[in-house]
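Worksheet for the structure shown next.
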Amino acid sequence: MPDKKLIQEAHRGFSASAHNQAVDLLYEDNPSTEQIESLIELAHVAHWHWQKRDDKTPQNISVAQWLLSRAYSANGLGILALDYATASLATIENEDLPISYYGYSNEALARAHLLLGDKDKAEAFLAVAKNIASRIPTPEAKEHLSDQLNRIVL
């Protein structure tokens, strides 16, 4: 039987590596079609490995779900984007986390609703996310979320 410690180390390495690669692609200025399509695969790899980690938290799972939502949004798949954005917010509801996590979940919800053609809901979630961004105490985190929110064109 494989060593549990080695398996956990592998899950840690793969979850972080897949997440970082996906985020790099997500934030790239002009990603290719192939890169956009690979976002879904990378996001699923990150999510799956996070699920297997002994040290996972609601925060980690929410981020993995947010990444899946963003990957599906980038690929124009609104229903799946909405499913994962909704799951991301549900995972952290009633958790005592930094408010930026709630902002990112709402950002993903805005993008998903926009893809599905529901501009009113997209605007509502975007407004919530912008309100949250305005209250983030860390300048770098505030700037990063605000930058992502400013990229949403209604």
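Residues in the structure tokens are numbered from 1 in each chain, the chains being A, B, ... in the order shown, and ligands are numbered from 1 in the order shown.
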Restrict the calculation to only C-alpha atoms, then for each residue of segment 5-113 of chain A with any atom at most 12 Å from an atom of segment 137-141 of chain A give the closest atom pair and their distance in Å to one decimal, rows by chain and rising residue number, as JSON lines.
```
{"residue": "A:Pro98", "atom": "CA", "partner": "A:Pro137", "partner_atom": "CA", "distance": 9.4}
{"residue": "A:Ile99", "atom": "CA", "partner": "A:Pro137", "partner_atom": "CA", "distance": 9.1}
{"residue": "A:Ser100", "atom": "CA", "partner": "A:Ala141", "partner_atom": "CA", "distance": 7.3}
{"residue": "A:Tyr101", "atom": "CA", "partner": "A:Ala141", "partner_atom": "CA", "distance": 10.2}
{"residue": "A:Gly103", "atom": "CA", "partner": "A:Ala141", "partner_atom": "CA", "distance": 10.5}
{"residue": "A:Tyr104", "atom": "CA", "partner": "A:Ala141", "partner_atom": "CA", "distance": 10.8}
```
With N, CA and C atoms retained, write the just-selected residues as a PDB file, in the first residue's frame.
```pdb
ATOM      1  N   PRO A  98     -11.549  35.986   5.169  1.00  0.00           N
ATOM      2  CA  PRO A  98     -11.368  37.348   4.653  1.00  0.00           C
ATOM      3  C   PRO A  98     -12.447  37.638   3.606  1.00  0.00           C
ATOM      4  N   ILE A  99     -12.930  38.880   3.583  1.00  0.00           N
ATOM      5  CA  ILE A  99     -14.063  39.200   2.712  1.00  0.00           C
ATOM      6  C   ILE A  99     -13.743  39.058   1.232  1.00  0.00           C
ATOM      7  N   SER A 100     -12.474  39.053   0.878  1.00  0.00           N
ATOM      8  CA  SER A 100     -12.134  38.920  -0.542  1.00  0.00           C
ATOM      9  C   SER A 100     -12.666  37.613  -1.128  1.00  0.00           C
ATOM     10  N   TYR A 101     -12.767  36.561  -0.336  1.00  0.00           N
ATOM     11  CA  TYR A 101     -13.291  35.288  -0.843  1.00  0.00           C
ATOM     12  C   TYR A 101     -14.743  35.429  -1.263  1.00  0.00           C
ATOM     13  N   GLY A 103     -16.017  38.231  -2.256  1.00  0.00           N
ATOM     14  CA  GLY A 103     -15.955  39.076  -3.443  1.00  0.00           C
ATOM     15  C   GLY A 103     -15.706  38.263  -4.703  1.00  0.00           C
ATOM     16  N   TYR A 104     -14.763  37.328  -4.623  1.00  0.00           N
ATOM     17  CA  TYR A 104     -14.461  36.508  -5.795  1.00  0.00           C
ATOM     18  C   TYR A 104     -15.617  35.587  -6.160  1.00  0.00           C
TER      19      TYR A 104
END
```
Do you have, as a Markdown table, the list of residues of segment 12-55 of chain A lying at most 9 Å from segment 63-69 of chain A, each with its nearest atom pair and that distance in Å to one decimal, counting only C-alpha atoms and ordered by chain then number?
```
| residue | atom | partner | partner_atom | distance |
| --- | --- | --- | --- | --- |
| A:His19 | CA | A:Ala64 | CA | 7.7 |
| A:Ala22 | CA | A:Leu67 | CA | 7.9 |
| A:Val23 | CA | A:Leu67 | CA | 7.7 |
| A:Leu39 | CA | A:Leu68 | CA | 8.2 |
| A:Ile40 | CA | A:Leu68 | CA | 6.6 |
| A:Leu42 | CA | A:Leu68 | CA | 8.8 |
| A:Ala43 | CA | A:Leu68 | CA | 5.2 |
| A:His44 | CA | A:Leu68 | CA | 6.7 |
| A:Ala46 | CA | A:Ala64 | CA | 6.6 |
| A:His47 | CA | A:Ala64 | CA | 5.0 |
| A:Trp48 | CA | A:Ala64 | CA | 8.7 |
| A:Trp50 | CA | A:Ala64 | CA | 7.5 |
```
Those same residues, written as a CSV table (one decimal), in the first residue's frame with N, CA and C atoms?
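The file below, out-v1.csv, is the result:
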```csv
chain,number,residue,atom,x,y,z
A,19,HIS,N,-3.5,24.7,-10.0
A,19,HIS,CA,-4.1,26.0,-9.7
A,19,HIS,C,-3.3,27.1,-10.2
A,22,ALA,N,-3.4,27.4,-14.0
A,22,ALA,CA,-4.7,27.8,-14.5
A,22,ALA,C,-4.8,29.3,-14.3
A,23,VAL,N,-4.5,29.8,-13.1
A,23,VAL,CA,-4.6,31.2,-12.8
A,23,VAL,C,-3.7,32.1,-13.8
A,39,LEU,N,-7.8,25.4,-19.5
A,39,LEU,CA,-8.2,26.0,-18.2
A,39,LEU,C,-9.2,25.0,-17.5
A,40,ILE,N,-10.1,24.4,-18.2
A,40,ILE,CA,-11.1,23.5,-17.6
A,40,ILE,C,-10.3,22.3,-17.0
A,42,LEU,N,-7.1,22.0,-16.1
A,42,LEU,CA,-6.3,22.4,-15.0
A,42,LEU,C,-7.1,22.6,-13.8
A,43,ALA,N,-8.3,23.3,-13.9
A,43,ALA,CA,-9.1,23.6,-12.8
A,43,ALA,C,-9.7,22.4,-12.2
A,44,HIS,N,-10.0,21.4,-13.0
A,44,HIS,CA,-10.5,20.1,-12.4
A,44,HIS,C,-9.4,19.3,-11.7
A,46,ALA,N,-6.9,20.7,-10.2
A,46,ALA,CA,-6.7,21.4,-8.9
A,46,ALA,C,-7.8,21.0,-7.9
A,47,HIS,N,-9.0,21.1,-8.4
A,47,HIS,CA,-10.2,20.8,-7.5
A,47,HIS,C,-10.1,19.4,-7.0
A,48,TRP,N,-9.8,18.4,-7.8
A,48,TRP,CA,-9.8,17.0,-7.4
A,48,TRP,C,-8.7,16.8,-6.4
A,50,TRP,N,-7.4,19.1,-4.4
A,50,TRP,CA,-7.7,19.7,-3.1
A,50,TRP,C,-8.7,18.9,-2.3
```
message: Quick check, in Å to one decimal: how far apart do atom CA of Thr91 of chain A and atom CA of Val128 of chain A lie?
response: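 Computing it gives 17.6 Å between the two atoms.
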Contacts of Val153 of chain A at 10 Å or less, counting only C-alpha atoms, minus same-chain residues fewer than 6 places along, as a PDB file with N, CA and C atoms, in the first residue's frame?
```pdb
ATOM      1  N   ARG A 111     -20.125  36.979 -13.685  1.00  0.00           N
ATOM      2  CA  ARG A 111     -19.677  36.518 -15.003  1.00  0.00           C
ATOM      3  C   ARG A 111     -20.606  35.428 -15.548  1.00  0.00           C
ATOM      4  N   LEU A 114     -23.935  36.853 -16.648  1.00  0.00           N
ATOM      5  CA  LEU A 114     -23.745  37.621 -17.873  1.00  0.00           C
ATOM      6  C   LEU A 114     -23.694  36.679 -19.080  1.00  0.00           C
ATOM      7  N   GLU A 123     -25.471  42.367 -12.990  1.00  0.00           N
ATOM      8  CA  GLU A 123     -25.254  43.687 -12.386  1.00  0.00           C
ATOM      9  C   GLU A 123     -25.362  43.624 -10.870  1.00  0.00           C
TER      10      GLU A 123
END
```
message: Which residues are near Glu95 of chain A? Cut-off 9 Å, only C-alpha atoms, ignore same chain within fewer than 2 positions. Put them as an NGL selection string.
response: :A and (58-59 or 91-93 or 97)
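In this structure, atom CA of Leu80 of chain A sits 23.9 Å away from atom CA of Ser146 of chain A.
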- request: Apply DSSP to the backbone of this structure and, from segment 30-123 of chain A, keep only the residues in alpha helix (DSSP H); write these as a PyMOL selection string.
  value: chain A and resi 33-52+58-74+78-92+99-115+119-123
task: Between A:Arg135, A:Arg70, A:Lys56, A:Arg12, single out the one closest to Ala112 of chain A, counting only C-alpha atoms.
output: A:Arg70
field: Shell around Gln8 of chain A at 10 Å using only C-alpha atoms, local window under 2 positions removed, as a VMD selection string
entry: chain A and resid 3 to 6 10 to 14 49 52 to 55
Leu109 of chain A surroundings by only C-alpha atoms, 8 Å radius, close-in-sequence under 5 positions cut, as a PDB file with N, CA and C atoms, in the first residue's frame:
```
ATOM      1  N   ALA A  81     -20.496  27.338 -15.361  1.00  0.00           N
ATOM      2  CA  ALA A  81     -19.882  28.449 -14.628  1.00  0.00           C
ATOM      3  C   ALA A  81     -20.766  28.852 -13.448  1.00  0.00           C
ATOM      4  N   LEU A  82     -22.067  28.919 -13.683  1.00  0.00           N
ATOM      5  CA  LEU A  82     -22.999  29.281 -12.612  1.00  0.00           C
ATOM      6  C   LEU A  82     -23.030  28.220 -11.517  1.00  0.00           C
ATOM      7  N   ALA A  85     -19.821  28.666  -9.477  1.00  0.00           N
ATOM      8  CA  ALA A  85     -19.829  29.939  -8.745  1.00  0.00           C
ATOM      9  C   ALA A  85     -20.774  29.850  -7.552  1.00  0.00           C
ATOM     10  N   THR A  86     -21.933  29.244  -7.765  1.00  0.00           N
ATOM     11  CA  THR A  86     -22.902  29.055  -6.680  1.00  0.00           C
ATOM     12  C   THR A  86     -22.312  28.155  -5.604  1.00  0.00           C
ATOM     13  N   ALA A 122     -26.433  39.740 -13.253  1.00  0.00           N
ATOM     14  CA  ALA A 122     -25.001  40.021 -13.383  1.00  0.00           C
ATOM     15  C   ALA A 122     -24.665  41.354 -12.723  1.00  0.00           C
ATOM     16  N   PHE A 125     -24.843  40.990  -8.821  1.00  0.00           N
ATOM     17  CA  PHE A 125     -23.681  40.320  -8.230  1.00  0.00           C
ATOM     18  C   PHE A 125     -22.414  41.151  -8.383  1.00  0.00           C
TER      19      PHE A 125
END
```
